[in-house]
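Just below is one structure, and these are the notes that go with it.
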Number of protein chains: 2
Amino acid sequence: MAQTPLYAAVMTLPTPFLAVDLPVLQTNIERVATWAAGRGVALRPHVKTHKSLQLAALQLAAGATGITVATVGEAEVFAAGGFDDILIAYPLWVDAVQRERLAGLASRVRLTVGADSAEGLAGLVGLDVAVLIEVDSGHHRSGIAPERAGELAALGSELGLDVAGVFTFPGHSYAAAEGPARAAADEDAALLRAAESFRAQGIEPRTLSGGSTPSLAFSGGEANEYRPGVYVFGDAQQWELSTCTPEQIALTVHARVVSHAGGRAVLDSGSKILGADRAPYASGFGRLLDHPDARIVMLSEHHAVVELAELPALGSVVRVVPNHVCNAVNLVEELVVFDASGEQRERWPVSARGRNN
Amino acid sequence: MAQTPLYAAVMTLPTPFLAVDLPVLQTNIERVATWAAGRGVALRPHVKTHKSLQLAALQLAAGATGITVATVGEAEVFAAGGFDDILIAYPLWVDAVQRERLAGLASRVRLTVGADSAEGLAGLVGLDVAVLIEVDSGHHRSGIAPERAGELAALGSELGLDVAGVFTFPGHSYAAAEGPARAAADEDAALLRAAESFRAQGIEPRTLSGGSTPSLAFSGGEANEYRPGVYVFGDAQQWELSTCTPEQIALTVHARVVSHAGGRAVLDSGSKILGADRAPYASGFGRLLDHPDARIVMLSEHHAVVELAELPALGSVVRVVPNHVCNAVNLVEELVVFDASGEQRERWPVSARGRNN
């Protein structure tokens with residue numbers, strides 16, 4: 001159980017809001033940066049988690065080689081913020097409008113984008129971008145079968161594209177028990193097969209990019225680049241998967257107890273600030289950092305109904321850990337950042353909030 | 001199945017985005033306004049669904065007596081937009097900061113707020129607001145037992161407050177089969193008991209406020225005010241509860257097919273535009289308006305994986321119906337509004353987006 005006391009400054013801010021514990025955040029950033037440096041691999045964090053220029057700058061200062069984003073719009077925000085090496089880890093569909101935006105980006109930053117089909121590759125012809133072929137390592141979302149990556153690479157080369165390698169997201173790491181370890185093994189196997197299929201076409205892949213926060217520690221080392229996102233903050237999903245401890249959770253929703261109806265605590269943090277994510281393995285709609293026994297048993301837009309042994313007083317503030325921190329951050333305009341003394345230090349805008357396209 | 005063709009203008013807008021079908025929206029607004037007028041009851045729509053000044057103005061033009069919001073921040077946005085009769089249907093906890101904000105609002109608009117505890121009432125003393133006691137009609141979220149509403153009303157009167165009546169949210173209407181009808185009956189019974197408990201204290205309730213979109217048609221008539229929200233747009237939850245038809249759905253996410261990985265359609269509309277809501281009765285993470293057989297079997301932040309008989313072409317645009325429209329709208333800055341000709345007519349800002357406190 002985390003021991004950090006509630007911050008005095010909290011009592012003057014309207015609830016709910018998102019609070020970042022800066023010392024815990026910095027420890028998280030450094031821990032994973034040290035891990036990557038020790039392995040001699042590139043760390044290219046996924047900034048969709050925080051969408052914050054300030055936070056991404058801390059990641060680069062700790063040694064990240066560049067950043068990963070999910071959308072053209074996110075890339076535009078970070079490019080405007082001075083970030084000059086950006087991977088859009090997504091199988092983009094490039095029509096005339098998107099082509100113009102990508103050309104604008106490529107003229108200012110080193111840009112890499114994803115593709116998982118011949119049609120996707122064709123849309124990239126003539127753009128000054130590097131391409132990573134997306135392969136499916138077992139999550140079964142987007143991505144081609146690893147053994148077919150070489151075919152696409154060869155096609156891309158014929159089209160005059162710079163096919164730099166492959167990327168995969170082992171998202172099936174988000175599963176209880178052996179999920180993270182199994183997904184890491186699948187990722188290694190997929191990257192190995194994909195690299196072999198490249199070489200069978202006479203193409204040497206420069207980049208083998210993988211990584212999710214849960215699978216990171218289990219990775220066997222086929223990747224030479226990792227793209228974790230959630231590790232900076234942690235969340236209730238990671239807590240319940242045992243891929244972070246409560247002490248490593250750097251972001252909480254500060255919420256107020258507004259009702260004791262039915263002998264339960266009703267908080268003002270609903271799905272419009274926590275997000276509505278609930279994975280099959282989740283024990284509720286979020287956790288309370290200072291009440292490990294508590295469970296959010298019901299969630300609506302502005303109510304979280306909590307069952308716990310000892311009811312916090314009406315009007316008191318509690319720290320709620322969202323299930324999926326990426327979606328919680330995307331609901332607010334800014335993060336309230338607290339330093340080690342518990343003083344509110346600054347506010348970081350969520351600069352790429354809502355940049356879905 | 002809805003027959004409206006995809007709009008030509010769509011092809012020039014980056015996906016995903018939220019599109020409003022204005023003729024369908026206007027029909028929805030008029031249908032419920034006519035229902036309320038026929039019953040001789042007040043309609044006070046919950047604007048948390050759309051958070052749009054333009055849309056709320058259409059509701060008032062059709063006869064709504066005022067608006068309902070969930071937070072002080074939403075009230076501030078709509079007050080600034082010229083709306084002068086606002087109910088905050090929430091058991092507010094009023095500290096010094098919130099007191100100042102409420103006083104500012106009360107000086108400009110006719111303001112009514114909720115309370116479900118003695119402590120909540122005490123926080124309202126000295127403010128120029130009317131108060132509705134929240135009662136629990138079976139949803140078991142916030143709200144006092146209906147038979148105890150009179151006690152709180154009497155306490156409020158002693159404190160010098162204008163206790164105008166009660167409100168309840170029969171949210172257990174969001175359940176399959178008999179859910180909507182049962183919740184409507186529970187609402188009627190709760191409002192009747194609450195009114196009796198007021199009268200036992202010698203207080204005549206002026207307002208008996210209820211209503212959710214699913215329960216509306218089943219209401220027996222104890223309420224004299226209704227606060228539905230979702231009816232303006234409809235969504236996949238209403239569709240699957242049979243409380244709206246596909247033809248009544250006025251808001252869709254226009255999404256692009258970016259991958260055919262694994263023989264499924266992968267769309268660029270993930271939880272960051274659809275929301276992650278998935279009620280127990282939902283058949284997936286949203287529906288496709290023009291493909292009733294399709295199911296979104298997997299959702300991540302920027303991917304919706306769809307199983308359906310006939311795959312739409314790579315790069316084509318489909319219309320996705322979010323499960324819970326209120327959370328989808330809260331993820332975007334604006335709604336793209338199309339008229340009957342399919343021409344893009346205007347863009348409506350989601351003015352109260354993110355106003356959680």
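Here's how to read the names in the structure tokens: chain A, B, ... by the order shown, residue numbers from 1 in each chain, ligand numbers from 1 in the order shown.
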Distance query Val305 in chain A at most 8 Å, only C-alpha atoms, self and fewer than 4 positions along chain excluded, as a list in words: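 The contact residues come out as Arg264, Ala265, Val266, Leu267, Ile296, Val297, Met298 and Leu299 of chain A; Arg141 of chain B.
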Got a sec to pull out which chain A residues are within 6 Å of chain B, counting only C-alpha atoms, and send them as a list in words?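 In the required form, that comes to Pro14, Thr15, Trp93, Ser142, Gly143, Val258, Ala261, Ala276, Asp277, Val332, Gly354 and Asn357 of chain A.
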I'd like the interatomic distance between CA of Pro214 in chain A and CA of Ala64 in chain A, to a tenth of an Å.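 These atoms are spaced 18.7 Å apart.
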Kindly indicate which residue among A:Ser137, A:Thr252, A:Thr34, A:Gln201 lies nearest to Glu158 in chain A, using only C-alpha atoms for the distances.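 The closest residue to Glu158 in chain A is A:Gln201.
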If you run DSSP on the backbone here, which positions in range 63-287 of chain B get strand (DSSP E or B)? Please write them as a ChimeraX atom specification. /B:67-69,85-91,110-115,130-135,144,162-167,207-210,225-226,251-259,265-267,287
Can you write out the residues you just picked, keeping C-alpha atoms, as a short mmCIF file (atom, residue, chain, number, x, y, z; two decimals), in the first residue's frame?
data_model
loop_
_atom_site.label_atom_id
_atom_site.label_comp_id
_atom_site.auth_asym_id
_atom_site.auth_seq_id
_atom_site.Cartn_x
_atom_site.Cartn_y
_atom_site.Cartn_z
CA ILE B 67 -31.84 22.02 -18.96
CA THR B 68 -30.21 19.46 -16.68
CA VAL B 69 -26.45 19.21 -16.15
CA ASP B 85 -32.89 27.69 -15.96
CA ILE B 86 -30.47 24.98 -14.92
CA LEU B 87 -30.75 21.90 -12.70
CA ILE B 88 -27.53 20.31 -11.48
CA ALA B 89 -28.94 16.82 -10.91
CA TYR B 90 -26.16 15.72 -8.59
CA PRO B 91 -25.61 15.54 -4.81
CA ARG B 110 -32.46 30.15 -11.96
CA LEU B 111 -30.42 27.39 -10.33
CA THR B 112 -31.58 24.15 -8.76
CA VAL B 113 -29.19 21.62 -7.20
CA GLY B 114 -29.40 18.16 -5.66
CA ALA B 115 -28.68 16.82 -2.18
CA ALA B 130 -33.67 25.64 -5.06
CA VAL B 131 -32.98 22.13 -3.83
CA LEU B 132 -34.21 18.75 -5.00
CA ILE B 133 -33.73 15.78 -2.67
CA GLU B 134 -32.27 12.86 -4.61
CA VAL B 135 -34.02 9.55 -3.98
CA ILE B 144 -31.73 8.49 -0.12
CA ASP B 162 -36.16 26.21 -0.70
CA VAL B 163 -36.72 22.46 -1.00
CA ALA B 164 -38.67 22.25 -4.24
CA GLY B 165 -39.14 18.49 -4.45
CA VAL B 166 -37.26 15.36 -5.42
CA PHE B 167 -35.37 13.88 -8.32
CA THR B 207 -41.18 19.10 -8.60
CA LEU B 208 -41.11 15.31 -9.00
CA SER B 209 -38.34 14.78 -11.52
CA GLY B 210 -37.46 11.49 -13.14
CA GLU B 225 -40.65 16.60 -15.04
CA TYR B 226 -38.43 14.31 -17.15
CA LEU B 251 -24.84 10.27 -34.30
CA THR B 252 -22.20 7.96 -35.71
CA VAL B 253 -18.43 7.75 -35.73
CA HIS B 254 -17.22 7.83 -39.30
CA ALA B 255 -14.33 5.40 -39.36
CA ARG B 256 -12.01 4.04 -41.98
CA VAL B 257 -11.09 0.43 -42.71
CA VAL B 258 -7.30 0.42 -42.25
CA SER B 259 -6.56 -3.31 -42.23
CA ALA B 265 -12.10 -5.31 -40.75
CA VAL B 266 -9.89 -3.15 -38.54
CA LEU B 267 -11.28 0.38 -38.15
CA ARG B 287 -22.38 -1.49 -33.85
#
Counting only C-alpha atoms, what is within 8 Å of Val337 in chain B, bar same-chain residues fewer than 5 positions away, as number ranges by chain? B: 19-22, 344-348
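Minimum distance to Leu127 in chain A across A:Leu18, A:Val321, A:Ala154, A:Leu161 (counting only C-alpha atoms) occurs at A:Leu161.
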Please, what distance in Å, to one decimal, runs between CA of Ser215 in chain A and CA of Leu25 in chain A? 19.6 Å
DSSP on the backbone, alpha helix (DSSP H) only: what residues of range 5-88 of chain A does that give? Format it as a count of residues only. 36
If we count only C-alpha atoms, what is near Asn28 in chain A at a cut-off of 12 Å, once residues fewer than 6 positions away on the same chain are taken out, given as a PDB file with C-alpha atoms, in the first residue's frame?
ATOM      1  CA  ASP A  21       3.323  12.297  -8.429  1.00  0.00           C
ATOM      2  CA  LEU A  22       6.525  13.670  -9.982  1.00  0.00           C
ATOM      3  CA  THR A  34      18.246   2.012 -17.296  1.00  0.00           C
ATOM      4  CA  TRP A  35      16.813  -1.343 -18.356  1.00  0.00           C
ATOM      5  CA  LEU A  55       6.654  14.376 -20.008  1.00  0.00           C
ATOM      6  CA  LEU A  58      11.777  13.887 -19.518  1.00  0.00           C
ATOM      7  CA  GLN A  59      11.785  10.566 -21.395  1.00  0.00           C
ATOM      8  CA  ALA A  62      16.627   9.948 -19.731  1.00  0.00           C
ATOM      9  CA  THR A 213       4.529  -2.438 -20.578  1.00  0.00           C
ATOM     10  CA  PRO A 228       6.163   0.821 -23.871  1.00  0.00           C
ATOM     11  CA  GLY A 229       3.755   3.594 -22.894  1.00  0.00           C
ATOM     12  CA  VAL A 230       1.946   2.925 -19.621  1.00  0.00           C
ATOM     13  CA  TYR A 231       5.122   2.327 -17.554  1.00  0.00           C
ATOM     14  CA  VAL A 232       5.467   6.062 -16.843  1.00  0.00           C
ATOM     15  CA  PHE A 233       2.284   6.174 -14.763  1.00  0.00           C
ATOM     16  CA  GLY A 234       1.180   2.618 -14.066  1.00  0.00           C
ATOM     17  CA  CYS A 244       3.609  -2.629 -11.344  1.00  0.00           C
ATOM     18  CA  THR A 245       3.324  -2.151  -7.601  1.00  0.00           C
ATOM     19  CA  GLU A 247       4.175   2.348  -4.991  1.00  0.00           C
ATOM     20  CA  GLN A 248       5.000   2.734  -8.705  1.00  0.00           C
ATOM     21  CA  ILE A 249       1.679   4.357  -9.585  1.00  0.00           C
ATOM     22  CA  ALA A 250       2.372   7.984 -10.534  1.00  0.00           C
ATOM     23  CA  LEU A 251      -1.073   9.137 -11.654  1.00  0.00           C
TER      24      LEU A 251
END
What's the separation between CA of Asp188 in chain B and CA of Ala122 in chain B, in Å to one decimal place?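 A separation of 28.4 Å between them.
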